[in-house]
Amino acid sequence: QTAEPRPTAPPPLDEIKLGGLGASRRRVEDNRFIRGKGNYFDDVVLPGMLHMEVLRSPMAHARIKSIDTSKAWEIPGVRLVLTGEALATRNLGWMPTLSYDTQAVLATDKVRFQGQEVAAVVADDPYIAKDAVTAIQVEYEPLPPVVNPEQALAADAPLIRDDKLGQEDNVVFDWEVGDKAGTERAFDEADVVSRVKLHYPRSHPSPLEACGAIADFDRSTGKLTVYLTTQAPHIVRAAVALIAELPEHQIRIISPDLGGGFGNKVPVYPSYVVAILASILAERPVKWVEDRTGNLISTGFGRDVYLDGQVAMRKDGKILAVKMNTTSDHGAFFADAQPSKFKIGLMHSAFAAYDVPYAHLAARGVYTTKAPGGVAYRCSFRVTEAMFFQERMVQAAAEDAGIDQAAFRRLNLVKDDDFPHRTPYGFLTDSGQYGKALDLALKEIDYEGFLVEQAEARKRGRLLGIGISTMTEPLGAGNSREYDILGIKMFDSAELRVHMTGKALLRTGAKTQGQGHETTWAQIVAHELGLPADDIVVEEGDTDTAPFGMGTYASRSTPVAGAAIAMAARKVKAKARKIAAHLLEVSEEDVEWELGRFYVRSQPSRGVTIQEACLAAYSNMPDGLEPGLEAVSYYDPPNLTWPFAAYVCTVEIDPETGVWDVLRFVAVDDCGVRINPLIVEGQIQGGLTEAYAMASMQFITFDADGNCVGSNFMDYLLPTAWETPGWELHEVVTPSPHHPIGAKGVGECATVGGPAAFVNAVVNALSHLGVRNVDMPMLPDRVYEALSKGVDVS
Ligand code: MCN
Ligand code: CUM
């Protein structure tokens, strides 16, 4: 059949009604989540499945003298007891980390942090496995613990990584970037130099669902299937292929619904590897479920970085240069998941929003007897630390120069006509309207009015403070020139299959953990093709079906996979256009497009809908054109996307107790074009809540013996609706010039930019008392000490 003219052209489709760009579409995945119908790895039950439990070290640092497993073997129902020694005979005692270090799978020589995996039991049920683990007898010879960089770098510090040939101290790396000579010159010429020393404490991503795996090796087919809590299934497949020396096509990693990730599910954990080996040995499926304490003491930490930061200025407040010296505590193994090229992640994205001519960063990483990790909890490869340090340095600099914080930022922020802007450490930012966002935030909070109120309040002994945080951050690694993990380039992918009825299946190399990809990805297709979003189903996380991708972290999904989706949809549209030309009996050049419909340029009433073109792809294709309507796109972004945020917070501190309350928090976010405003706001609210958590109550700390304090949710606090302030959200939209739909990432912005707003506010409330810093978490006793003695508290 061919297309008959209609009397008049149909009315244009309403993109919002279709669920396209800008539609606050309700999250489709919530249909199953709120009904308890989610499919988490713990819901998977395989025939003959065995259960694994891991024995963890009670000591932070100790030599293993012996491990006696005989009592565990005697317990009925025990199938396997594994130690590092048993693994070592298969060359699996150690595994590579994502940062080119090595990590013990099960400890053989020494334990190097409390909670380290020492042995594992596989049994008929989880209770037997737990009992049997306690029957394993390990004889330890204690060694001195090392719980911070100062101890690690002391002359008489014990050598933690004595397993590594040529390692003579506890230094992981020394890395520097920037123009050292230029920076020194600028400091020499400066009128004012401001200096702060800060610590960004260790935090934990604490998703509601901890980690786990079900490994299922089928000897008859040689295929290994692993249900795994991972944000990056294809990276795990590559790692397993490397570690277990299995061929890639025989490995299938399935990441089902995840109960939150927040970076916790990026690393490859020893217990994953042990579960896989156990399944190969037992020839049965083996399941490992991490308990809460195991998760809190041993997996995927973030932060733990010290800064000595300096800003050189002219006396009018213009920044001339910055110097940053960081020391990061990586625990016993350098296991950060981050681009290989950059030893301290993207710390050098600091000051990207400011016009700073010279900068130099010297970063030192050290080993301690603490759990590894390093990049997690909405960190975007240490951008969290970079922006926190930057915004704390900026506030101190404004104070030291005697200039109002808002005016100081206005003076130094990059101007609208200055894009693309080369940052002091060499990135190129894409777009922004920083002044507009800052002004909106200040207007909404009534900045001038608050300053008057604050001055009045001070006279009566009330402590009011206002804190600002303005930042742009790099989201969307990578471009393949600069970004790789273990040599695998950081691009991403989408595969779009359009069925004959105009319904479609979309798969990507990303992996949602709660961000709502099933909802938002369909909206991109709806925007590109005019198909209703409800007609598009989204699948992620199965390496046997999803196109190869690097997974979801560093808020890279929208910038990279999201771009791939638009490009795949455009390929589909290009083919549909050929089919439409055939149906309309005109040449392709005469075919025009409006949302959801092709029509003849000279006769707009003659057209075919996208659905009609889809049907024809299977039933009436032109000669010489392949049937079907599918496309795959691998997208290698030309640049990162650079969203901007201006956060302003007001607080009141109780001078009697040090308890501080957030009075108001205004957030202006510019993440370019918003695919789904409702989801974006949810991401910002969640991110601000995490920022508030770190600023007010969370840190993973260690006692002098290296015991992890914070092994449960009584000690490691999660803010509830009771403590969490109300967030006042506003937007500015500056599209990314290089992203196909102008979108920038947003998932981590609020956690990256948020903390400094709280700390700046508390410090501002105390500045007239001589206080320049209170380290996070700003627990009441710390704040009280600062205000009662007029001192910095770290
Ligand atoms: N979005 C949008 N318009 C934009 C940008 C984003 O509508 N301009 C939508 C996206 O389509 C997506 C969501 O917002 O549904 C987040 O997108 P993006 O910023 O691309 O971030 P990712 O999808 O890559 O998510 C990763 C990011 C990270 S790194 C952490 S950590 C984190 C976070 O997301 N973990 C989360 N948010 C989380 N939210 C939940 N619920 N659970 C987690 O584990
Ligand atoms: Cu660094 S936490 Mo997120 O990038 O998965």
# chains A, B, ... in the order shown; residues from 1 in each chain; ligands from 1
>>> closest_atom_pairs(of="chain A", to="ligand 2", cutoff="7 Å", atoms="only C-alpha atoms and all ligand atoms", output="tab-separated table")
residue	atom	partner	partner_atom_place_in_ligand_line	distance
A:Gly261	CA	ligand 2	5 (O)	6.5
A:Phe262	CA	ligand 2	5 (O)	4.8
A:Gly263	CA	ligand 2	5 (O)	3.2
A:Asn264	CA	ligand 2	5 (O)	6.9
A:Val266	CA	ligand 2	5 (O)	6.5
A:Val375	CA	ligand 2	1 (Cu)	4.9
A:Ala376	CA	ligand 2	2 (S)	3.8
A:Tyr377	CA	ligand 2	2 (S)	4.2
A:Arg378	CA	ligand 2	2 (S)	3.7
A:Cys379	CA	ligand 2	1 (Cu)	3.7
A:Ser380	CA	ligand 2	1 (Cu)	4.4
A:Phe381	CA	ligand 2	1 (Cu)	5.4
A:Thr552	CA	ligand 2	5 (O)	6.2
A:Tyr553	CA	ligand 2	5 (O)	3.4
A:Ala554	CA	ligand 2	4 (O)	3.4
A:Ser555	CA	ligand 2	4 (O)	6.0
>>> residues_near_ligand(ligand="ligand 1", cutoff="6 Å", atoms="only C-alpha atoms and all ligand atoms", output="VMD selection string")
chain A and resid 260 to 263 377 to 378 380 513 to 517 520 552 to 558 671 to 677 679 to 680 683 743 to 748
>>> write_last_selection(atoms="N, CA and C atoms", output="compact mmCIF listing (two decimals), in the first residue's frame")
# COMPACT_ATOMS: atom_id res chain seq x y z
N GLY A 260 19.70 0.68 45.34
CA GLY A 260 20.65 1.78 45.53
C GLY A 260 22.06 1.32 45.24
N GLY A 261 22.84 2.24 44.77
CA GLY A 261 24.24 1.93 44.49
C GLY A 261 25.12 2.99 45.11
N PHE A 262 24.94 4.23 44.67
CA PHE A 262 25.69 5.37 45.20
C PHE A 262 27.19 5.14 45.12
N GLY A 263 27.63 4.32 44.18
CA GLY A 263 29.06 4.07 44.02
C GLY A 263 29.52 2.81 44.75
N TYR A 377 29.92 7.27 46.83
CA TYR A 377 28.95 8.16 47.45
C TYR A 377 28.81 9.44 46.64
N ARG A 378 28.29 9.28 45.45
CA ARG A 378 28.05 10.41 44.56
C ARG A 378 29.27 11.34 44.50
N SER A 380 31.68 11.28 41.71
CA SER A 380 32.18 11.59 40.40
C SER A 380 33.70 11.68 40.38
N GLN A 513 20.32 2.27 39.20
CA GLN A 513 20.30 1.74 40.58
C GLN A 513 19.21 2.42 41.36
N GLY A 514 18.37 3.16 40.65
CA GLY A 514 17.34 3.95 41.33
C GLY A 514 17.14 5.30 40.67
N GLN A 515 17.96 5.57 39.66
CA GLN A 515 17.90 6.89 39.01
C GLN A 515 16.72 7.03 38.05
N GLY A 516 16.06 5.92 37.74
CA GLY A 516 14.88 6.03 36.88
C GLY A 516 15.15 5.93 35.39
N HIS A 517 16.20 5.21 35.00
CA HIS A 517 16.51 5.10 33.57
C HIS A 517 15.36 4.53 32.75
N THR A 520 13.27 7.65 32.01
CA THR A 520 13.82 8.78 31.26
C THR A 520 14.36 8.39 29.89
N THR A 552 27.11 2.69 35.06
CA THR A 552 26.60 3.94 35.63
C THR A 552 27.34 4.34 36.89
N TYR A 553 28.03 5.44 36.81
CA TYR A 553 28.69 6.10 37.95
C TYR A 553 29.15 7.44 37.39
N ALA A 554 29.65 8.30 38.27
CA ALA A 554 30.13 9.60 37.82
C ALA A 554 29.07 10.35 36.99
N SER A 555 27.81 10.09 37.28
CA SER A 555 26.69 10.73 36.55
C SER A 555 26.95 10.76 35.05
N ARG A 556 27.40 9.64 34.55
CA ARG A 556 27.79 9.60 33.15
C ARG A 556 26.67 9.09 32.24
N SER A 557 25.57 8.60 32.83
CA SER A 557 24.58 7.92 31.98
C SER A 557 23.90 8.87 31.00
N THR A 558 23.42 10.00 31.49
CA THR A 558 22.76 10.95 30.58
C THR A 558 23.78 11.52 29.58
N CYS A 671 21.45 21.88 34.83
CA CYS A 671 21.99 20.65 34.25
C CYS A 671 21.62 20.57 32.78
N GLY A 672 21.55 21.75 32.16
CA GLY A 672 21.19 21.78 30.75
C GLY A 672 19.72 21.41 30.58
N VAL A 673 19.40 20.83 29.44
CA VAL A 673 18.02 20.43 29.17
C VAL A 673 17.63 19.31 30.14
N ARG A 674 16.51 19.47 30.80
CA ARG A 674 16.05 18.42 31.72
C ARG A 674 15.15 17.44 30.98
N ILE A 675 15.53 16.19 30.99
CA ILE A 675 14.70 15.17 30.32
C ILE A 675 13.40 15.03 31.09
N ASN A 676 13.55 14.80 32.41
CA ASN A 676 12.38 14.62 33.26
C ASN A 676 12.56 15.48 34.51
N PRO A 677 11.90 16.65 34.54
CA PRO A 677 12.11 17.58 35.66
C PRO A 677 11.82 16.95 37.02
N ILE A 679 12.20 13.80 37.97
CA ILE A 679 13.32 12.93 38.37
C ILE A 679 14.55 13.77 38.70
N VAL A 680 14.79 14.81 37.94
CA VAL A 680 15.93 15.68 38.25
C VAL A 680 15.77 16.26 39.66
N GLN A 683 16.59 13.65 42.16
CA GLN A 683 18.03 13.45 42.27
C GLN A 683 18.66 14.55 43.14
N ALA A 743 21.54 17.91 27.12
CA ALA A 743 21.44 17.56 28.54
C ALA A 743 22.83 17.44 29.16
N LYS A 744 22.92 17.76 30.44
CA LYS A 744 24.14 17.51 31.21
C LYS A 744 23.78 16.55 32.34
N GLY A 745 24.77 15.92 32.93
CA GLY A 745 24.52 15.03 34.07
C GLY A 745 24.09 15.82 35.28
N VAL A 746 23.43 15.14 36.23
CA VAL A 746 22.96 15.86 37.43
C VAL A 746 23.02 15.02 38.70
N GLY A 747 23.13 13.69 38.55
CA GLY A 747 22.96 12.79 39.70
C GLY A 747 23.80 13.14 40.91
N GLU A 748 24.99 13.66 40.71
CA GLU A 748 25.87 13.89 41.85
C GLU A 748 26.01 15.36 42.25
>>> select_by_dssp(residues="stretch 465-623 of chain A", states="strand (DSSP E or B)", output="count of residues only")
46
>>> residues_around(residues="A:Glu723", least_positions_apart="2", cutoff="10 Å", atoms="only C-alpha atoms", output="list in words")
Asp661, Val662, Thr689, Tyr692, Ala693, Ser696, Leu718, Pro719, Thr720, Ala721, Pro725 and Gly726 of chain A
>>> write_last_selection(atoms="N, CA and C atoms", output="CSV table (one decimal), in the first residue's frame")
chain,number,residue,atom,x,y,z
A,661,ASP,N,20.7,24.4,63.2
A,661,ASP,CA,19.5,24.1,62.4
A,661,ASP,C,19.6,24.8,61.1
A,662,VAL,N,19.2,24.1,60.0
A,662,VAL,CA,19.1,24.8,58.7
A,662,VAL,C,17.8,25.6,58.7
A,689,THR,N,20.3,15.7,50.5
A,689,THR,CA,20.1,15.0,51.8
A,689,THR,C,21.4,14.3,52.2
A,692,TYR,N,23.8,16.9,53.4
A,692,TYR,CA,23.5,17.3,54.7
A,692,TYR,C,23.9,16.2,55.7
A,693,ALA,N,23.8,14.9,55.3
A,693,ALA,CA,24.2,13.8,56.2
A,693,ALA,C,25.7,13.9,56.5
A,696,SER,N,26.5,17.0,58.7
A,696,SER,CA,26.0,17.0,60.0
A,696,SER,C,26.3,15.8,60.9
A,718,LEU,N,22.0,7.8,59.3
A,718,LEU,CA,21.3,8.2,58.1
A,718,LEU,C,20.2,9.2,58.5
A,719,PRO,N,20.2,10.4,57.8
A,719,PRO,CA,19.2,11.3,58.1
A,719,PRO,C,17.8,10.8,57.8
A,720,THR,N,16.9,11.1,58.6
A,720,THR,CA,15.5,10.7,58.3
A,720,THR,C,14.7,12.0,57.9
A,721,ALA,N,13.5,11.8,57.6
A,721,ALA,CA,12.6,13.0,57.2
A,721,ALA,C,12.6,14.0,58.4
A,725,PRO,N,16.3,19.0,56.2
A,725,PRO,CA,15.6,20.3,56.0
A,725,PRO,C,14.7,20.2,54.7
A,726,GLY,N,13.9,21.2,54.5
A,726,GLY,CA,13.2,21.3,53.3
A,726,GLY,C,14.1,22.0,52.2
>>> closest_atom_pairs(of="stretch 95-213 of chain A", to="stretch 471-494 of chain A", cutoff="8 Å", atoms="only C-alpha atoms", output="CSV")
residue,atom,partner,partner_atom,distance
A:Leu98,CA,A:Leu486,CA,6.2
A:Ser99,CA,A:Leu486,CA,7.2
A:Tyr100,CA,A:Leu486,CA,7.2
>>> residues_around(residues="A:Ala275", least_positions_apart="3", cutoff="12 Å", atoms="only C-alpha atoms", output="JSON list (two decimals) with C-alpha atoms, in the first residue's frame")
[["chain", "number", "residue", "atom", "x", "y", "z"],
["A", 49, "MET", "CA", 21.84, -23.32, 45.34],
["A", 50, "LEU", "CA", 24.47, -23.34, 48.11],
["A", 51, "HIS", "CA", 25.21, -20.48, 50.48],
["A", 52, "MET", "CA", 28.48, -18.79, 51.23],
["A", 53, "GLU", "CA", 29.61, -16.88, 54.29],
["A", 54, "VAL", "CA", 32.86, -14.97, 54.65],
["A", 80, "LEU", "CA", 33.57, -26.24, 50.96],
["A", 81, "VAL", "CA", 35.91, -24.29, 53.17],
["A", 82, "LEU", "CA", 38.19, -21.92, 51.29],
["A", 87, "LEU", "CA", 43.06, -19.90, 46.27],
["A", 105, "VAL", "CA", 41.12, -12.10, 47.61],
["A", 106, "LEU", "CA", 41.42, -14.07, 50.85],
["A", 119, "ALA", "CA", 38.22, -17.47, 54.65],
["A", 120, "ALA", "CA", 34.88, -18.60, 53.27],
["A", 121, "VAL", "CA", 32.48, -21.48, 53.89],
["A", 122, "VAL", "CA", 29.98, -22.85, 51.41],
["A", 123, "ALA", "CA", 27.12, -24.85, 52.91],
["A", 212, "GLY", "CA", 25.90, -9.82, 46.96],
["A", 213, "ALA", "CA", 26.33, -12.40, 44.25],
["A", 214, "ILE", "CA", 24.90, -15.65, 42.97],
["A", 215, "ALA", "CA", 27.46, -17.46, 40.87],
["A", 216, "ASP", "CA", 26.30, -20.33, 38.71],
["A", 217, "PHE", "CA", 28.90, -22.27, 36.78],
["A", 224, "LEU", "CA", 29.32, -18.91, 34.11],
["A", 225, "THR", "CA", 26.28, -16.82, 35.01],
["A", 226, "VAL", "CA", 26.54, -14.36, 37.87],
["A", 227, "TYR", "CA", 23.68, -12.36, 39.34],
["A", 228, "LEU", "CA", 25.53, -9.48, 40.84],
["A", 240, "VAL", "CA", 36.28, -11.91, 35.70],
["A", 244, "ALA", "CA", 39.41, -16.35, 36.38],
["A", 269, "TYR", "CA", 34.91, -7.22, 45.65],
["A", 270, "PRO", "CA", 36.90, -10.26, 46.82],
["A", 271, "SER", "CA", 33.74, -12.09, 47.88],
["A", 272, "TYR", "CA", 32.42, -11.92, 44.31],
["A", 278, "ALA", "CA", 33.21, -21.77, 44.85],
["A", 279, "SER", "CA", 30.58, -22.37, 42.17],
["A", 280, "ILE", "CA", 33.20, -23.69, 39.79],
["A", 281, "LEU", "CA", 34.52, -26.06, 42.46],
["A", 282, "ALA", "CA", 31.15, -27.14, 43.84],
["A", 283, "GLU", "CA", 29.50, -27.28, 40.40],
["A", 284, "ARG", "CA", 26.44, -25.77, 42.05],
["A", 285, "PRO", "CA", 25.10, -22.22, 42.23],
["A", 286, "VAL", "CA", 26.63, -20.35, 45.18],
["A", 287, "LYS", "CA", 25.02, -17.35, 46.82],
["A", 288, "TRP", "CA", 26.75, -14.73, 48.95],
["A", 289, "VAL", "CA", 24.82, -11.99, 50.71],
["A", 290, "GLU", "CA", 26.75, -9.30, 52.48]]
>>> residues_around(residues="A:His330", least_positions_apart="3", cutoff="8 Å", atoms="only C-alpha atoms", output="ChimeraX atom specification")
/A:304,333-335,365-368,370-374
>>> atom_distance(atom1="atom CA of A:Met776", atom2="atom CA of A:Val196")
14.3 Å
>>> residues_around(residues="A:Asp430", least_positions_apart="4", cutoff="9 Å", atoms="only C-alpha atoms", output="PyMOL selection string")
chain A and resi 419-421+639-643+736-738
>>> select_by_dssp(residues="stretch 259-416 of chain A", states="helix (DSSP H, G or I)", output="PyMOL selection string")
chain A and resi 270-282+292-298+347-349+383-401+405-412+416
>>> write_last_selection(atoms="C-alpha atoms", output="tab-separated table (two decimals), in the first residue's frame")
chain	number	residue	atom	x	y	z
A	270	PRO	CA	36.90	-10.26	46.82
A	271	SER	CA	33.74	-12.09	47.88
A	272	TYR	CA	32.42	-11.92	44.31
A	273	VAL	CA	35.54	-13.72	43.15
A	274	VAL	CA	35.33	-16.30	45.94
A	275	ALA	CA	31.66	-17.03	45.16
A	276	ILE	CA	32.55	-17.58	41.51
A	277	LEU	CA	35.40	-19.93	42.35
A	278	ALA	CA	33.21	-21.77	44.85
A	279	SER	CA	30.58	-22.37	42.17
A	280	ILE	CA	33.20	-23.69	39.79
A	281	LEU	CA	34.52	-26.06	42.46
A	282	ALA	CA	31.15	-27.14	43.84
A	292	ARG	CA	25.06	-4.70	56.99
A	293	THR	CA	28.15	-4.69	59.15
A	294	GLY	CA	30.24	-6.34	56.44
A	295	ASN	CA	29.04	-3.67	54.05
A	296	LEU	CA	29.69	-0.79	56.41
A	297	ILE	CA	33.19	-1.84	57.43
A	298	SER	CA	34.63	-3.23	54.25
A	347	MET	CA	40.49	16.40	41.90
A	348	HIS	CA	42.01	18.79	39.38
A	349	SER	CA	38.54	19.86	38.26
A	383	VAL	CA	34.97	15.83	42.27
A	384	THR	CA	33.16	15.89	45.63
A	385	GLU	CA	36.40	16.63	47.43
A	386	ALA	CA	37.56	19.02	44.70
A	387	MET	CA	34.45	21.19	44.94
A	388	PHE	CA	34.28	21.05	48.72
A	389	PHE	CA	37.89	22.17	49.01
A	390	GLN	CA	37.38	24.83	46.37
A	391	GLU	CA	34.33	26.31	48.06
A	392	ARG	CA	35.90	26.26	51.50
A	393	MET	CA	39.04	27.89	50.08
A	394	VAL	CA	36.92	30.51	48.32
A	395	GLN	CA	35.07	31.37	51.52
A	396	ALA	CA	38.30	31.66	53.51
A	397	ALA	CA	39.85	33.75	50.74
A	398	ALA	CA	36.89	36.15	50.67
A	399	GLU	CA	37.11	36.48	54.44
A	400	ASP	CA	40.88	37.07	54.37
A	401	ALA	CA	40.53	39.66	51.62
A	405	GLN	CA	31.31	36.13	49.90
A	406	ALA	CA	28.77	36.75	47.17
A	407	ALA	CA	30.71	39.67	45.68
A	408	PHE	CA	33.91	37.62	45.80
A	409	ARG	CA	32.30	34.87	43.78
A	410	ARG	CA	30.74	37.30	41.30
A	411	LEU	CA	34.15	38.83	40.72
A	412	ASN	CA	35.90	35.52	40.13
A	416	ASP	CA	28.90	33.94	30.18
>>> residues_around(residues="stretch 133-144 of chain A", least_positions_apart="2", cutoff="10 Å", atoms="only C-alpha atoms", output="PyMOL selection string")
chain A and resi 52-75+81+110-112+118-122+127-131+146-147+157-160+369+704-706
>>> write_last_selection(atoms="N, CA and C atoms", output="short mmCIF file (atom, residue, chain, number, x, y, z; two decimals), in the first residue's frame")
data_model
loop_
_atom_site.label_atom_id
_atom_site.label_comp_id
_atom_site.auth_asym_id
_atom_site.auth_seq_id
_atom_site.Cartn_x
_atom_site.Cartn_y
_atom_site.Cartn_z
N MET A 52 27.12 -19.08 50.81
CA MET A 52 28.48 -18.79 51.23
C MET A 52 28.50 -17.71 52.31
N GLU A 53 29.40 -17.89 53.26
CA GLU A 53 29.61 -16.88 54.29
C GLU A 53 31.10 -16.60 54.36
N VAL A 54 31.45 -15.36 54.65
CA VAL A 54 32.86 -14.97 54.65
C VAL A 54 33.33 -14.70 56.07
N LEU A 55 34.50 -15.18 56.39
CA LEU A 55 35.12 -14.85 57.68
C LEU A 55 35.96 -13.60 57.49
N ARG A 56 35.71 -12.62 58.34
CA ARG A 56 36.43 -11.35 58.23
C ARG A 56 37.40 -11.18 59.40
N SER A 57 38.45 -10.46 59.12
CA SER A 57 39.47 -10.24 60.15
C SER A 57 38.96 -9.33 61.27
N PRO A 58 39.19 -9.73 62.55
CA PRO A 58 38.83 -8.84 63.64
C PRO A 58 39.91 -7.78 63.88
N MET A 59 41.09 -7.99 63.29
CA MET A 59 42.22 -7.09 63.55
C MET A 59 42.47 -6.21 62.32
N ALA A 60 43.08 -5.05 62.61
CA ALA A 60 43.39 -4.14 61.51
C ALA A 60 44.68 -4.55 60.80
N HIS A 61 45.62 -5.09 61.58
CA HIS A 61 46.91 -5.38 60.98
C HIS A 61 47.51 -6.55 61.77
N ALA A 62 47.72 -7.66 61.14
CA ALA A 62 48.25 -8.82 61.87
C ALA A 62 48.79 -9.84 60.88
N ARG A 63 49.84 -10.53 61.33
CA ARG A 63 50.35 -11.62 60.52
C ARG A 63 49.49 -12.85 60.79
N ILE A 64 49.19 -13.59 59.72
CA ILE A 64 48.42 -14.82 59.90
C ILE A 64 49.40 -15.95 60.14
N LYS A 65 49.36 -16.51 61.35
CA LYS A 65 50.30 -17.59 61.65
C LYS A 65 49.74 -18.92 61.19
N SER A 66 48.45 -19.12 61.40
CA SER A 66 47.85 -20.37 60.92
C SER A 66 46.34 -20.22 60.81
N ILE A 67 45.77 -21.03 59.94
CA ILE A 67 44.31 -21.08 59.83
C ILE A 67 43.92 -22.56 59.91
N ASP A 68 43.11 -22.89 60.90
CA ASP A 68 42.68 -24.27 61.07
C ASP A 68 41.20 -24.37 60.69
N THR A 69 40.93 -25.07 59.60
CA THR A 69 39.56 -25.15 59.11
C THR A 69 38.90 -26.49 59.46
N SER A 70 39.63 -27.35 60.18
CA SER A 70 39.13 -28.73 60.36
C SER A 70 37.76 -28.78 61.06
N LYS A 71 37.56 -27.93 62.08
CA LYS A 71 36.28 -27.95 62.79
C LYS A 71 35.13 -27.52 61.87
N ALA A 72 35.42 -26.61 60.98
CA ALA A 72 34.37 -26.16 60.06
C ALA A 72 33.97 -27.28 59.10
N TRP A 73 34.95 -28.01 58.62
CA TRP A 73 34.67 -29.11 57.69
C TRP A 73 33.79 -30.17 58.34
N GLU A 74 33.91 -30.32 59.67
CA GLU A 74 33.17 -31.40 60.36
C GLU A 74 31.68 -31.10 60.49
N ILE A 75 31.29 -29.86 60.30
CA ILE A 75 29.88 -29.49 60.51
C ILE A 75 29.04 -30.04 59.35
N VAL A 81 35.31 -25.34 52.35
CA VAL A 81 35.91 -24.29 53.17
C VAL A 81 37.11 -23.78 52.38
N LYS A 110 49.11 -11.67 55.59
CA LYS A 110 48.73 -10.73 56.65
C LYS A 110 47.28 -10.31 56.43
N VAL A 111 46.65 -9.82 57.48
CA VAL A 111 45.43 -9.03 57.27
C VAL A 111 45.83 -7.57 57.37
N ARG A 112 45.18 -6.75 56.54
CA ARG A 112 45.60 -5.35 56.46
C ARG A 112 44.49 -4.36 56.79
N VAL A 118 39.09 -13.36 55.09
CA VAL A 118 40.16 -14.29 55.45
C VAL A 118 39.84 -15.72 54.99
N ALA A 119 38.60 -16.12 55.07
CA ALA A 119 38.22 -17.47 54.65
C ALA A 119 36.74 -17.46 54.28
N ALA A 120 36.29 -18.53 53.64
CA ALA A 120 34.88 -18.60 53.27
C ALA A 120 34.38 -20.03 53.42
N VAL A 121 33.11 -20.16 53.78
CA VAL A 121 32.48 -21.48 53.89
C VAL A 121 31.29 -21.52 52.96
N VAL A 122 31.14 -22.65 52.27
CA VAL A 122 29.98 -22.85 51.41
C VAL A 122 29.20 -24.03 52.00
N TYR A 127 22.66 -20.51 57.43
CA TYR A 127 22.88 -20.62 58.88
C TYR A 127 24.03 -21.56 59.16
N ILE A 128 24.06 -22.68 58.43
CA ILE A 128 25.18 -23.61 58.58
C ILE A 128 26.48 -22.88 58.20
N ALA A 129 26.42 -22.14 57.14
CA ALA A 129 27.63 -21.43 56.68
C ALA A 129 28.11 -20.45 57.75
N LYS A 130 27.18 -19.75 58.38
CA LYS A 130 27.55 -18.79 59.43
C LYS A 130 28.17 -19.51 60.62
N ASP A 131 27.56 -20.61 61.04
CA ASP A 131 28.10 -21.39 62.16
C ASP A 131 29.51 -21.88 61.83
N VAL A 146 47.79 1.29 61.43
CA VAL A 146 48.12 2.59 60.84
C VAL A 146 46.79 3.21 60.40
N VAL A 147 46.32 4.20 61.14
CA VAL A 147 44.95 4.65 60.88
C VAL A 147 44.82 6.02 60.23
N ALA A 157 57.03 3.97 60.60
CA ALA A 157 55.76 3.31 60.28
C ALA A 157 56.00 1.89 59.78
N PRO A 158 55.15 0.95 60.19
CA PRO A 158 55.29 -0.40 59.65
C PRO A 158 54.93 -0.40 58.16
N LEU A 159 55.60 -1.25 57.41
CA LEU A 159 55.33 -1.33 55.97
C LEU A 159 54.07 -2.17 55.76
N ILE A 160 53.03 -1.55 55.25
CA ILE A 160 51.75 -2.26 55.12
C ILE A 160 51.79 -3.22 53.93
N THR A 369 46.01 0.90 57.31
CA THR A 369 45.35 -0.38 57.58
C THR A 369 43.85 -0.15 57.76
N ALA A 704 42.26 3.89 67.85
CA ALA A 704 43.71 3.79 67.74
C ALA A 704 44.17 2.38 67.35
N ASP A 705 43.33 1.37 67.63
CA ASP A 705 43.70 0.00 67.26
C ASP A 705 43.28 -0.35 65.83
N GLY A 706 42.68 0.61 65.15
CA GLY A 706 42.25 0.33 63.78
C GLY A 706 40.87 -0.30 63.71
#
>>> closest_residue(among="A:Asp329, A:Pro755, A:His739, A:Ala645", to="A:Lys436", atoms="only C-alpha atoms")
A:Ala645
>>> atom_distance(atom1="atom CA of A:Pro339", atom2="atom CA of A:Phe644")
22.2 Å
>>> closest_residue(among="A:Asp417, A:Ser255, A:Gly178, A:Gly509", to="A:Val356", atoms="only C-alpha atoms")
A:Gly178
>>> atom_distance(atom1="atom CA of A:Asn620", atom2="atom CA of A:Val600")
18.8 Å
